[in-house]
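Structure data follow from data-v9.cif (mmCIF, C-alpha atoms):
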```cif
data_target
#
loop_
_atom_site.label_atom_id
_atom_site.label_comp_id
_atom_site.auth_asym_id
_atom_site.auth_seq_id
_atom_site.Cartn_x
_atom_site.Cartn_y
_atom_site.Cartn_z
CA MET R 208 -46.06 19.74 -7.50
CA ASN R 209 -45.30 16.70 -9.64
CA GLU R 210 -44.24 18.88 -12.54
CA ASP R 211 -42.07 20.93 -10.22
CA VAL R 212 -40.41 17.81 -8.89
CA ALA R 213 -39.92 16.49 -12.42
CA GLU R 214 -38.28 19.74 -13.44
CA LEU R 215 -36.10 19.79 -10.32
CA ALA R 216 -35.12 16.17 -10.92
CA LYS R 217 -34.17 17.05 -14.48
CA ARG R 218 -31.97 19.90 -13.25
CA ALA R 219 -30.45 17.76 -10.50
CA LYS R 220 -29.73 15.07 -13.07
CA ALA R 221 -27.75 17.67 -15.00
CA GLY R 222 -25.65 18.31 -11.86
CA ASP R 223 -27.58 21.17 -10.25
CA LYS R 224 -27.15 20.49 -6.53
CA ASP R 225 -29.39 23.35 -5.47
CA ALA R 226 -32.23 21.74 -7.40
CA PHE R 227 -31.56 18.54 -5.51
CA GLY R 228 -31.56 20.56 -2.28
CA LYS R 229 -35.10 21.70 -3.10
CA ILE R 230 -36.10 18.09 -3.70
CA TYR R 231 -34.55 17.22 -0.32
CA ASN R 232 -36.56 19.88 1.46
CA LEU R 233 -39.75 18.76 -0.27
CA PHE R 234 -39.39 15.10 0.65
CA LEU R 235 -37.30 15.01 3.83
CA GLU R 236 -40.23 15.05 6.24
CA LYS R 237 -42.19 12.36 4.37
CA ILE R 238 -39.19 10.08 3.90
CA TYR R 239 -38.00 10.57 7.48
CA ARG R 240 -41.47 9.79 8.80
CA PHE R 241 -41.77 6.64 6.70
CA ILE R 242 -38.37 5.39 7.87
CA TYR R 243 -38.88 6.36 11.49
CA TYR R 244 -42.18 4.49 11.51
CA LEU R 245 -40.34 1.33 10.48
CA VAL R 246 -37.19 1.64 12.62
CA ASN R 247 -38.51 3.60 15.60
CA ASP R 248 -35.16 5.24 16.28
CA GLU R 249 -34.43 8.89 15.63
CA ASP R 250 -30.72 8.60 14.77
CA THR R 251 -31.16 5.49 12.64
CA ALA R 252 -34.06 7.12 10.81
CA TYR R 253 -31.95 10.20 10.12
CA ASP R 254 -28.98 8.14 8.87
CA ILE R 255 -31.17 6.07 6.57
CA ALA R 256 -32.99 9.18 5.32
CA GLN R 257 -29.65 10.84 4.45
CA ASP R 258 -28.44 7.65 2.75
CA THR R 259 -31.70 7.53 0.81
CA PHE R 260 -31.02 10.95 -0.67
CA VAL R 261 -27.36 10.17 -1.38
CA ARG R 262 -28.37 6.99 -3.20
CA ALA R 263 -31.11 8.85 -5.03
CA TYR R 264 -28.64 11.52 -6.16
CA ARG R 265 -26.18 8.94 -7.44
CA ALA R 266 -28.97 6.97 -9.13
CA LEU R 267 -30.44 10.06 -10.82
CA PRO R 268 -28.88 9.19 -14.21
CA ARG R 269 -30.90 5.96 -14.13
CA PHE R 270 -34.14 7.61 -12.98
CA ASP R 271 -36.79 7.44 -15.68
CA ARG R 272 -40.03 9.29 -14.99
CA LYS R 273 -41.91 7.01 -17.36
CA ARG R 274 -41.23 4.10 -15.00
CA GLY R 275 -42.63 5.86 -11.95
CA SER R 276 -42.76 9.11 -10.03
CA PHE R 277 -39.82 10.57 -8.16
CA SER R 278 -41.71 9.94 -4.94
CA THR R 279 -41.97 6.22 -5.75
CA PHE R 280 -38.26 6.26 -6.60
CA LEU R 281 -37.38 7.70 -3.18
CA TYR R 282 -39.68 5.40 -1.17
CA THR R 283 -38.25 2.38 -2.98
CA ILE R 284 -34.70 3.37 -2.02
CA ALA R 285 -35.73 4.14 1.56
CA ARG R 286 -37.51 0.81 1.95
CA ASN R 287 -34.55 -1.12 0.56
CA LEU R 288 -32.17 0.64 2.93
CA VAL R 289 -34.40 -0.16 5.89
CA ILE R 290 -34.44 -3.81 4.83
CA ASP R 291 -30.63 -3.78 4.43
CA LYS R 292 -30.25 -2.28 7.88
CA GLN R 293 -32.51 -4.92 9.37
CA ARG R 294 -30.58 -7.67 7.63
CA LYS R 295 -27.37 -6.37 9.15
CA ARG R 296 -28.99 -6.90 12.52
CA VAL R 297 -28.54 -3.35 13.62
CA SER R 298 -30.55 -2.89 16.73
CA LEU R 299 -33.82 -1.77 15.38
CA SER R 300 -37.16 -1.91 17.01
CA LEU R 301 -40.19 -2.31 14.85
CA ASP R 302 -42.53 -1.46 17.66
CA LEU R 303 -44.84 1.28 16.70
CA ASN R 304 -44.48 4.41 18.69
CA PHE R 305 -46.77 7.17 17.67
CA VAL R 306 -45.63 10.41 19.18
CA GLY R 307 -46.00 14.14 18.93
CA GLU R 308 -48.77 16.62 18.56
CA VAL R 309 -52.07 15.84 16.93
CA LYS R 310 -52.47 17.73 13.67
CA TYR R 311 -55.33 15.81 12.16
CA GLU R 312 -58.69 17.30 13.05
CA GLY R 313 -60.78 14.23 13.71
CA ASP R 314 -64.37 14.05 14.90
CA PHE R 315 -64.00 11.64 17.78
CA GLU R 316 -66.11 12.00 20.78
CA GLU R 317 -64.19 14.16 23.18
CA SER R 318 -65.41 12.12 26.10
CA ILE R 319 -63.28 9.16 25.07
CA ASP R 320 -59.86 8.97 26.60
CA SER R 321 -57.58 9.69 23.65
CA ALA R 322 -54.53 8.13 25.29
CA GLU R 323 -56.37 4.87 25.81
CA ARG R 324 -57.64 4.85 22.25
CA SER R 325 -54.19 5.61 20.92
CA LYS R 326 -52.71 2.74 22.91
CA LYS R 327 -55.24 0.33 21.47
CA VAL R 328 -54.58 1.55 17.96
CA HIS R 329 -50.89 0.87 18.49
CA GLU R 330 -51.59 -2.60 19.77
CA VAL R 331 -53.66 -3.51 16.75
CA LEU R 332 -51.13 -2.09 14.26
CA ASP R 333 -48.32 -3.74 16.15
CA SER R 334 -49.95 -7.11 15.58
CA LEU R 335 -49.36 -6.77 11.82
CA ASP R 336 -46.16 -8.14 10.31
CA LYS R 337 -43.50 -5.82 8.82
CA PHE R 338 -44.69 -6.06 5.25
CA ASP R 339 -48.32 -5.47 6.16
CA LYS R 340 -47.33 -2.40 8.17
CA GLU R 341 -45.52 -1.02 5.13
CA LEU R 342 -48.61 -1.54 3.00
CA VAL R 343 -50.83 0.19 5.57
CA VAL R 344 -48.46 3.16 5.75
CA LEU R 345 -48.15 3.56 2.01
CA ARG R 346 -51.82 3.05 1.24
CA TYR R 347 -53.63 4.69 4.13
CA PHE R 348 -51.13 7.16 5.61
CA GLU R 349 -49.28 8.24 2.44
CA ASP R 350 -52.40 7.82 0.24
CA MET R 351 -50.48 6.10 -2.53
CA SER R 352 -52.00 4.24 -5.45
CA PHE R 353 -51.80 0.45 -5.62
CA LYS R 354 -49.66 0.86 -8.73
CA GLY R 355 -47.15 3.04 -6.90
CA ILE R 356 -47.08 0.70 -3.88
CA ALA R 357 -46.53 -2.29 -6.15
CA LYS R 358 -43.46 -0.57 -7.61
CA ILE R 359 -42.07 0.28 -4.19
CA VAL R 360 -42.48 -3.18 -2.70
CA GLY R 361 -41.60 -4.99 -5.92
CA LYS R 362 -44.84 -6.99 -6.24
CA GLU R 363 -47.65 -7.23 -8.78
CA GLU R 364 -50.40 -4.64 -8.38
CA GLY R 365 -53.03 -7.39 -8.09
CA ALA R 366 -51.06 -9.12 -5.35
CA VAL R 367 -50.85 -5.85 -3.40
CA ARG R 368 -54.62 -5.30 -3.74
CA VAL R 369 -55.34 -8.80 -2.45
CA ARG R 370 -52.92 -8.38 0.45
CA VAL R 371 -54.40 -5.02 1.46
CA PHE R 372 -57.90 -6.52 1.29
CA ARG R 373 -56.79 -9.27 3.67
CA ILE R 374 -55.16 -6.77 6.00
CA LEU R 375 -58.39 -4.79 6.15
CA LYS R 376 -60.38 -7.92 6.90
CA ASN R 377 -57.90 -8.88 9.58
CA LEU R 378 -57.94 -5.40 11.13
CA LYS R 379 -61.73 -5.27 11.06
CA GLU R 380 -61.96 -8.54 12.95
CA LYS R 381 -59.46 -7.36 15.53
CA LEU R 382 -61.15 -4.01 16.00
CA GLU R 383 -64.56 -5.57 16.40
CA GLY R 384 -63.21 -8.15 18.78
CA GLU R 385 -60.90 -6.08 20.93
CA ILE R 386 -62.05 -2.50 20.88
CA MET T 195 -64.19 1.24 16.88
CA LYS T 196 -64.89 1.32 13.16
CA LEU T 197 -62.17 0.73 10.62
CA GLU T 198 -62.43 4.29 9.25
CA GLU T 199 -62.00 5.72 12.72
CA PHE T 200 -59.08 3.43 13.36
CA PHE T 201 -57.25 4.65 10.25
CA LYS T 202 -58.07 8.25 11.04
CA GLU T 203 -56.54 7.87 14.51
CA ALA T 204 -53.50 5.98 13.24
CA LYS T 205 -52.85 8.43 10.38
CA LYS T 206 -53.14 11.35 12.77
CA ASP T 207 -50.38 9.88 14.91
CA TYR T 208 -48.31 8.92 11.86
CA LEU T 209 -48.42 12.45 10.46
CA SER T 210 -47.37 13.84 13.81
CA ILE T 211 -43.93 12.28 13.36
CA LYS T 212 -41.49 15.06 12.43
CA PRO T 213 -37.75 15.09 11.87
CA PRO T 214 -35.83 16.63 14.79
CA GLU T 215 -35.13 20.33 14.43
CA ARG T 216 -31.41 19.78 13.83
CA VAL T 217 -32.28 17.61 10.81
CA SER T 218 -34.44 20.32 9.30
CA LEU T 219 -31.73 22.92 9.93
CA TYR T 220 -28.53 21.08 9.04
CA GLY T 221 -29.67 18.00 7.13
CA TRP T 222 -29.10 19.47 3.68
CA LEU T 223 -25.71 20.93 4.60
CA GLU T 224 -24.54 17.53 5.79
CA LEU T 225 -26.00 15.83 2.77
CA ARG T 226 -24.38 18.26 0.34
CA ASP T 227 -20.96 17.27 1.69
CA LYS T 228 -21.80 13.61 1.24
CA LEU T 229 -22.85 14.19 -2.36
CA ASP T 230 -19.39 15.57 -3.13
CA LYS T 231 -17.69 12.56 -1.58
CA LYS T 232 -16.21 10.27 -4.17
CA VAL T 233 -16.19 6.51 -3.89
CA TRP T 234 -12.74 5.72 -2.46
CA LEU T 235 -10.71 2.54 -2.73
CA HIS T 236 -11.67 1.40 0.78
CA ASP T 237 -15.34 1.75 -0.15
CA PHE T 238 -14.71 -0.46 -3.14
CA VAL T 239 -12.80 -2.99 -1.05
CA LEU T 240 -15.61 -3.06 1.51
CA TRP T 241 -18.16 -3.46 -1.25
CA PHE T 242 -16.04 -6.24 -2.74
CA LEU T 243 -15.79 -8.06 0.58
CA LEU T 244 -19.49 -7.77 1.22
CA ARG T 245 -20.36 -9.46 -2.02
CA PRO T 246 -18.89 -12.97 -1.95
CA ALA T 247 -20.60 -13.98 -5.17
CA PHE T 248 -19.01 -11.08 -7.01
CA ALA T 249 -15.64 -11.80 -5.39
CA THR T 250 -15.83 -15.47 -6.38
CA ALA T 251 -16.80 -14.64 -9.95
CA LEU T 252 -13.97 -12.10 -10.27
CA ALA T 253 -11.45 -14.51 -8.75
CA LEU T 254 -12.53 -17.21 -11.20
CA LEU T 255 -12.26 -14.78 -14.08
CA LEU T 256 -8.74 -13.79 -13.05
CA LEU T 257 -7.77 -17.42 -12.58
CA VAL T 258 -9.08 -18.41 -16.01
CA GLY T 259 -7.39 -15.37 -17.58
CA PHE T 260 -4.10 -16.17 -15.87
CA ALA T 261 -4.30 -19.85 -16.84
CA GLY T 262 -5.05 -18.86 -20.44
CA ALA T 263 -2.11 -16.42 -20.55
CA VAL T 264 0.28 -19.05 -19.16
CA ALA T 265 -1.00 -21.63 -21.67
CA VAL T 266 -0.40 -19.24 -24.58
CA ALA T 267 3.06 -18.29 -23.27
CA SER T 268 4.01 -21.95 -22.88
CA LYS T 269 2.92 -22.89 -26.40
CA ASN T 270 6.38 -22.52 -27.95
CA SER T 271 8.41 -23.69 -24.97
CA LEU T 272 10.97 -26.46 -25.41
CA PRO T 273 12.10 -29.29 -23.13
CA GLY T 274 14.07 -28.00 -20.15
CA GLU T 275 12.40 -24.59 -20.16
CA THR T 276 10.33 -23.30 -17.21
CA LEU T 277 6.97 -23.35 -18.96
CA TYR T 278 7.50 -26.71 -20.66
CA PRO T 279 5.65 -28.72 -17.95
CA VAL T 280 2.69 -26.34 -18.39
CA LYS T 281 2.71 -27.04 -22.11
CA ARG T 282 2.58 -30.80 -21.43
CA VAL T 283 -0.34 -30.41 -19.00
CA TYR T 284 -2.16 -28.21 -21.51
CA GLU T 285 -1.60 -30.90 -24.18
CA ASP T 286 -3.05 -33.57 -21.88
CA LEU T 287 -6.11 -31.41 -21.30
CA ALA T 288 -6.47 -30.69 -25.03
CA VAL T 289 -6.33 -34.42 -25.82
CA VAL T 290 -9.02 -35.16 -23.19
CA VAL T 291 -11.27 -32.33 -24.43
CA THR T 292 -10.86 -32.86 -28.19
CA GLY T 293 -10.04 -36.60 -28.23
CA ASP T 294 -7.33 -35.84 -30.80
CA ASN T 295 -4.18 -37.81 -29.89
CA GLN T 296 -2.25 -36.29 -32.80
CA ILE T 297 -1.81 -33.08 -30.81
CA LYS T 298 1.02 -34.63 -28.78
CA LEU T 299 2.61 -36.27 -31.79
CA ASP T 300 2.74 -32.99 -33.72
CA ALA T 301 4.14 -31.16 -30.69
CA ARG T 302 7.00 -33.64 -30.22
CA ALA T 303 7.87 -33.57 -33.94
CA HIS T 304 7.85 -29.78 -33.85
CA GLU T 305 10.21 -29.80 -30.84
CA ILE T 306 12.64 -32.12 -32.68
CA ILE T 307 12.73 -29.79 -35.67
CA ILE T 308 13.29 -26.67 -33.56
CA LEU T 309 15.92 -28.26 -31.30
CA SER T 310 17.83 -29.76 -34.22
CA GLN T 311 18.25 -26.25 -35.62
CA LYS T 312 18.98 -24.46 -32.37
CA GLU T 313 21.14 -26.88 -30.43
CA GLU T 314 24.67 -28.12 -30.68
CA GLU T 315 25.29 -31.53 -32.26
CA ASP T 316 22.99 -34.25 -30.86
CA SER T 317 22.28 -32.47 -27.58
CA GLN T 318 20.76 -34.20 -24.60
CA ARG T 319 17.56 -32.25 -25.03
CA LEU T 320 17.24 -33.38 -28.62
CA LYS T 321 17.93 -36.99 -27.65
CA GLU T 322 15.18 -36.82 -25.04
CA SER T 323 12.81 -35.25 -27.54
CA VAL T 324 13.39 -38.06 -30.04
CA ILE T 325 12.70 -40.62 -27.28
CA GLU T 326 9.54 -38.71 -26.32
CA TYR T 327 8.50 -38.74 -29.97
CA LYS T 328 8.96 -42.49 -30.17
CA ILE T 329 6.95 -42.97 -26.98
CA SER T 330 4.16 -40.74 -28.31
CA VAL T 331 3.99 -42.69 -31.57
CA ALA T 332 3.94 -46.01 -29.68
CA ARG T 333 1.14 -44.86 -27.36
CA PHE T 334 -0.88 -43.42 -30.22
CA LYS T 335 -0.47 -46.65 -32.17
CA GLU T 336 -1.88 -48.69 -29.28
CA LYS T 337 -5.07 -46.68 -29.12
CA VAL T 338 -5.92 -46.09 -32.77
CA ASN T 339 -8.97 -47.48 -34.57
CA GLU T 340 -9.17 -48.25 -38.29
CA LYS T 341 -9.88 -44.69 -39.36
CA GLU T 342 -7.13 -43.30 -37.14
CA LYS T 343 -4.62 -45.83 -38.50
CA VAL T 344 -4.93 -44.16 -41.88
CA GLU T 345 -4.49 -40.75 -40.27
CA LEU T 346 -1.47 -41.95 -38.27
CA LYS T 347 0.14 -43.35 -41.38
CA GLU T 348 -0.35 -40.05 -43.19
CA LYS T 349 0.92 -38.15 -40.18
CA LEU T 350 4.08 -40.25 -39.93
CA LYS T 351 4.64 -39.79 -43.63
CA ARG T 352 4.48 -36.01 -43.28
CA HIS T 353 6.78 -36.07 -40.26
CA LYS T 354 9.26 -38.21 -42.20
CA GLU T 355 9.25 -35.66 -45.02
CA GLU T 356 9.89 -32.85 -42.53
CA PHE T 357 12.71 -34.73 -40.81
CA GLU T 358 14.31 -35.57 -44.18
CA ARG T 359 14.07 -31.94 -45.22
CA ILE T 360 16.09 -30.79 -42.19
CA TYR T 361 18.46 -33.80 -42.22
CA ASN T 362 20.98 -32.15 -44.55
CA LYS T 363 20.83 -28.81 -42.73
CA THR T 364 21.37 -30.01 -39.17
CA LYS T 365 24.46 -31.02 -37.27
CA SER T 366 22.39 -33.54 -35.28
CA LYS T 367 22.15 -36.05 -38.07
CA GLU T 368 22.25 -39.08 -35.79
CA GLU T 369 19.17 -38.08 -33.78
CA ILE T 370 17.21 -36.97 -36.84
CA LYS T 371 18.05 -40.28 -38.45
CA LYS T 372 16.54 -42.04 -35.43
CA ALA T 373 13.41 -39.93 -35.75
CA ILE T 374 13.16 -40.80 -39.46
CA GLU T 375 13.57 -44.49 -38.65
CA ALA T 376 10.81 -44.22 -36.05
CA THR T 377 8.43 -42.85 -38.68
CA GLU T 378 9.41 -45.57 -41.16
CA ILE T 379 9.18 -48.51 -38.77
CA ASN T 380 5.94 -47.41 -37.19
CA GLY T 381 4.50 -46.42 -40.56
CA GLU T 382 5.23 -49.91 -41.89
CA GLU T 383 3.79 -51.54 -38.78
CA VAL T 384 0.58 -49.60 -39.07
CA LYS T 385 0.39 -50.49 -42.76
CA GLY T 386 1.06 -54.17 -41.94
CA GLU T 387 -1.60 -54.23 -39.24
CA ARG T 388 -4.11 -52.73 -41.63
CA GLU T 389 -3.36 -55.34 -44.27
CA GLU T 390 -3.62 -58.13 -41.70
CA ASP T 391 -6.91 -56.71 -40.50
CA SER T 392 -8.18 -56.50 -44.09
CA GLY T 393 -7.05 -60.13 -44.75
CA ASP T 394 -8.97 -61.39 -41.75
#
```

File written out as structure tokens:
Amino acid sequence: MNEDVAELAKRAKAGDKDAFGKIYNLFLEKIYRFIYYLVNDEDTAYDIAQDTFVRAYRALPRFDRKRGSFSTFLYTIARNLVIDKQRKRVSLSLDLNFVGEVKYEGDFEESIDSAERSKKVHEVLDSLDKFDKELVVLRYFEDMSFKGIAKIVGKEEGAVRVRVFRILKNLKEKLEGEI
Amino acid sequence: MKLEEFFKEAKKDYLSIKPPERVSLYGWLELRDKLDKKVWLHDFVLWFLLRPAFATALALLLLVGFAGAVAVASKNSLPGETLYPVKRVYEDLAVVVTGDNQIKLDARAHEIIILSQKEEEDSQRLKESVIEYKISVARFKEKVNEKEKVELKEKLKRHKEEFERIYNKTKSKEEIKKAIEATEINGEEVKGEREEDSGD
């Protein structure tokens, strides 16, 4: 897929809008999800997602694959736009609100009340600050490398590793204590 | 609950987030229109207003550029002209920055030469310029140190030569004569002061 995206990006860079349309279709769901998770508002998430792709299209001439993947490029833009939006004090809620159908086939005991478990999961995640939530999403939900995360959040890779280690420790304590 | 289970549960919910159907259907069509949209003047103005640092820097740049252009334009202005006061302010600044008091002296001498060739016989402007020249020489003389006394003497000598050169060509002989006398008297005074200083 990476090679496909690289090729599409190359074509889009040369002005091929259809190639960029394919990139849009490949990444829309992931980018929308990432933004929605942070802003918790459907319309705002859609607006920011669209702006992310517009910015990405205009910034294509500056995109250099050697400096990071196209995915990293898009997440960086999306994250910056979310931060901009929050700075402008647009009414955003950072409360976590996990919704929708369950696609992941887990092996939880069926006897446990899933709604209750879900609520507790939200409570624990909600206790994290904004930056820590971003790191959890990128590392554990989007399965990104520390190197890629470091590029997106603009920190050193080592600093990201240390922060994630602390988040895990913090979460472990909370889970053992509360759930 | 174990940490692994916690992440499994949270990721499951995270991945369940989907864009609304309308986004999947019309998102690209809407975006394609936006891609074609050019950056208009009002976008630029908005961008400009939202970036005070950039606005300040640009305003400063324009101000410096404007001030520089006015200074250059005023360089050859003569007494009574619109830009002449600017020229005088610029001279004051140049003296403060460079510490070279001869700037004013040269400018006044230059004005006398130009006016004596352009104006009618002994015009008011020329008379004022000769007075200004005398004042400039007197002020310079008050401030000079030993090294500058030598420079002032040389300067007055050169001005005298210039004034004598135009004396026969100008109708304003009376005013030029006054300017020549000013160079002679002050030149002698500077020379006398130097000799007195050496004698002490």

Item to complete: Identify every residue of chain T that has at least one atom within 10 Å of any atom of chain R, counting all atoms listed in the file, and report the result as a VMD selection string.
Response: chain T and resid 195 to 214 217 to 218 221 to 226 228 to 231

Discussion item. Residue by residue, what does the PyMOL selection byres ((chain T and resi 265-277) around 10) grab here? Present the result as JSON, numbers by chain.
Written reply: {"T": [259, 260, 261, 262, 263, 264, 278, 279, 280, 281, 282, 283, 284, 285, 301, 302, 304, 305, 306, 308, 309, 319, 320, 322, 323]}

Could you give me the axis-aligned bounding box of region 260-265 of chain T, with 3 Å of padding per side, as centre plus edge lengths in Å to one decimal, as lines of an AutoDock Vina configuration file?
```
center_x = -2.4
center_y = -18.9
center_z = -18.8
size_x = 11.3
size_y = 11.5
size_z = 11.8
```

Discussion item. I want to know what sits within 12 Å of Lys354 (chain T), based on only C-alpha atoms, with residues of the same chain fewer than 3 positions away left out; could you give that as an MDAnalysis selection string?
Written reply: chainID T and resid 300 303:304 306:307 347:351 357:361 370:381

Quick check on the file I pasted: which residues fall under the PyMOL selection byres ((chain R and resi 220) around 10)? Write them as a PDB file with C-alpha atoms, in the frame of the given file.
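The result, written out as result27.pdb:
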```
ATOM      1  CA  GLU R 214     -38.280  19.740 -13.440  1.00  0.00           C
ATOM      2  CA  LEU R 215     -36.100  19.790 -10.320  1.00  0.00           C
ATOM      3  CA  ALA R 216     -35.120  16.170 -10.920  1.00  0.00           C
ATOM      4  CA  LYS R 217     -34.170  17.050 -14.480  1.00  0.00           C
ATOM      5  CA  ARG R 218     -31.970  19.900 -13.250  1.00  0.00           C
ATOM      6  CA  ALA R 219     -30.450  17.760 -10.500  1.00  0.00           C
ATOM      7  CA  ALA R 221     -27.750  17.670 -15.000  1.00  0.00           C
ATOM      8  CA  GLY R 222     -25.650  18.310 -11.860  1.00  0.00           C
ATOM      9  CA  ASP R 223     -27.580  21.170 -10.250  1.00  0.00           C
ATOM     10  CA  LYS R 224     -27.150  20.490  -6.530  1.00  0.00           C
ATOM     11  CA  ALA R 226     -32.230  21.740  -7.400  1.00  0.00           C
ATOM     12  CA  PHE R 227     -31.560  18.540  -5.510  1.00  0.00           C
ATOM     13  CA  TYR R 264     -28.640  11.520  -6.160  1.00  0.00           C
ATOM     14  CA  ARG R 265     -26.180   8.940  -7.440  1.00  0.00           C
ATOM     15  CA  ALA R 266     -28.970   6.970  -9.130  1.00  0.00           C
ATOM     16  CA  LEU R 267     -30.440  10.060 -10.820  1.00  0.00           C
ATOM     17  CA  PRO R 268     -28.880   9.190 -14.210  1.00  0.00           C
ATOM     18  CA  ARG R 269     -30.900   5.960 -14.130  1.00  0.00           C
ATOM     19  CA  PHE R 270     -34.140   7.610 -12.980  1.00  0.00           C
TER      20      PHE R 270
END
```

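Between CA of Val291 (chain T) and CA of Arg352 (chain T) the separation is 24.8 Å.
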
Worksheet item: Do you know which residues the PyMOL selection byres ((chain R and resi 277) around 10) returns on this file, as a ChimeraX atom specification?
Response: /R:209,212-213,216,230,234,263,267,270-272,274-276,278-283

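Take CA of Glu369 (chain T) and CA of Ile329 (chain T): the distance between them is 14.8 Å.
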
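A straight line drawn from CA of Leu299 (chain T) to CA of Leu287 (chain T) is 14.5 Å long.
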
Once you've located region 285-305 of chain T in the structure I gave, write it as a JSON list (two decimals), in the first residue's frame, keeping N, CA and C atoms.
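Result file follows (part_4.json):
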```
[["chain", "number", "residue", "atom", "x", "y", "z"],
["T", 285, "GLU", "N", 20.47, 64.96, 7.91],
["T", 285, "GLU", "CA", 21.85, 65.38, 8.23],
["T", 285, "GLU", "C", 22.13, 65.26, 9.73],
["T", 286, "ASP", "N", 21.14, 65.70, 10.54],
["T", 286, "ASP", "CA", 21.30, 65.59, 12.00],
["T", 286, "ASP", "C", 21.52, 64.13, 12.41],
["T", 287, "LEU", "N", 20.70, 63.26, 11.82],
["T", 287, "LEU", "CA", 20.82, 61.83, 12.13],
["T", 287, "LEU", "C", 22.18, 61.29, 11.70],
["T", 288, "ALA", "N", 22.61, 61.70, 10.49],
["T", 288, "ALA", "CA", 23.89, 61.22, 9.96],
["T", 288, "ALA", "C", 25.05, 61.68, 10.85],
["T", 289, "VAL", "N", 24.96, 62.90, 11.38],
["T", 289, "VAL", "CA", 26.01, 63.41, 12.27],
["T", 289, "VAL", "C", 26.04, 62.60, 13.56],
["T", 290, "VAL", "N", 24.85, 62.29, 14.11],
["T", 290, "VAL", "CA", 24.77, 61.51, 15.35],
["T", 290, "VAL", "C", 25.34, 60.11, 15.12],
["T", 291, "VAL", "N", 24.96, 59.50, 14.00],
["T", 291, "VAL", "CA", 25.38, 58.11, 13.73],
["T", 291, "VAL", "C", 26.88, 58.04, 13.41],
["T", 292, "THR", "N", 27.36, 58.93, 12.54],
["T", 292, "THR", "CA", 28.76, 58.83, 12.10],
["T", 292, "THR", "C", 29.72, 59.67, 12.96],
["T", 293, "GLY", "N", 29.19, 60.68, 13.65],
["T", 293, "GLY", "CA", 30.04, 61.57, 14.45],
["T", 293, "GLY", "C", 30.83, 62.53, 13.57],
["T", 294, "ASP", "N", 30.48, 62.62, 12.29],
["T", 294, "ASP", "CA", 31.21, 63.47, 11.36],
["T", 294, "ASP", "C", 30.47, 64.81, 11.18],
["T", 295, "ASN", "N", 30.95, 65.86, 11.84],
["T", 295, "ASN", "CA", 30.30, 67.17, 11.77],
["T", 295, "ASN", "C", 30.48, 67.86, 10.42],
["T", 296, "GLN", "N", 31.43, 67.37, 9.63],
["T", 296, "GLN", "CA", 31.69, 68.01, 8.33],
["T", 296, "GLN", "C", 30.56, 67.81, 7.33],
["T", 297, "ILE", "N", 29.69, 66.84, 7.63],
["T", 297, "ILE", "CA", 28.56, 66.57, 6.72],
["T", 297, "ILE", "C", 27.74, 67.84, 6.51],
["T", 298, "LYS", "N", 27.44, 68.52, 7.60],
["T", 298, "LYS", "CA", 26.60, 69.73, 7.51],
["T", 298, "LYS", "C", 27.34, 70.86, 6.79],
["T", 299, "LEU", "N", 28.60, 70.97, 7.11],
["T", 299, "LEU", "CA", 29.42, 72.03, 6.51],
["T", 299, "LEU", "C", 29.48, 71.89, 4.99],
["T", 300, "ASP", "N", 29.72, 70.66, 4.55],
["T", 300, "ASP", "CA", 29.78, 70.38, 3.10],
["T", 300, "ASP", "C", 28.43, 70.66, 2.44],
["T", 301, "ALA", "N", 27.35, 70.28, 3.13],
["T", 301, "ALA", "CA", 26.01, 70.47, 2.56],
["T", 301, "ALA", "C", 25.70, 71.95, 2.37],
["T", 302, "ARG", "N", 26.06, 72.78, 3.38],
["T", 302, "ARG", "CA", 25.76, 74.21, 3.27],
["T", 302, "ARG", "C", 26.60, 74.84, 2.15],
["T", 303, "ALA", "N", 27.87, 74.45, 2.05],
["T", 303, "ALA", "CA", 28.74, 74.98, 1.00],
["T", 303, "ALA", "C", 28.20, 74.60, -0.38],
["T", 304, "HIS", "N", 27.74, 73.37, -0.47],
["T", 304, "HIS", "CA", 27.17, 72.88, -1.74],
["T", 304, "HIS", "C", 25.94, 73.70, -2.11],
["T", 305, "GLU", "N", 25.10, 74.00, -1.12],
["T", 305, "GLU", "CA", 23.89, 74.79, -1.38],
["T", 305, "GLU", "C", 24.24, 76.20, -1.87]]
```
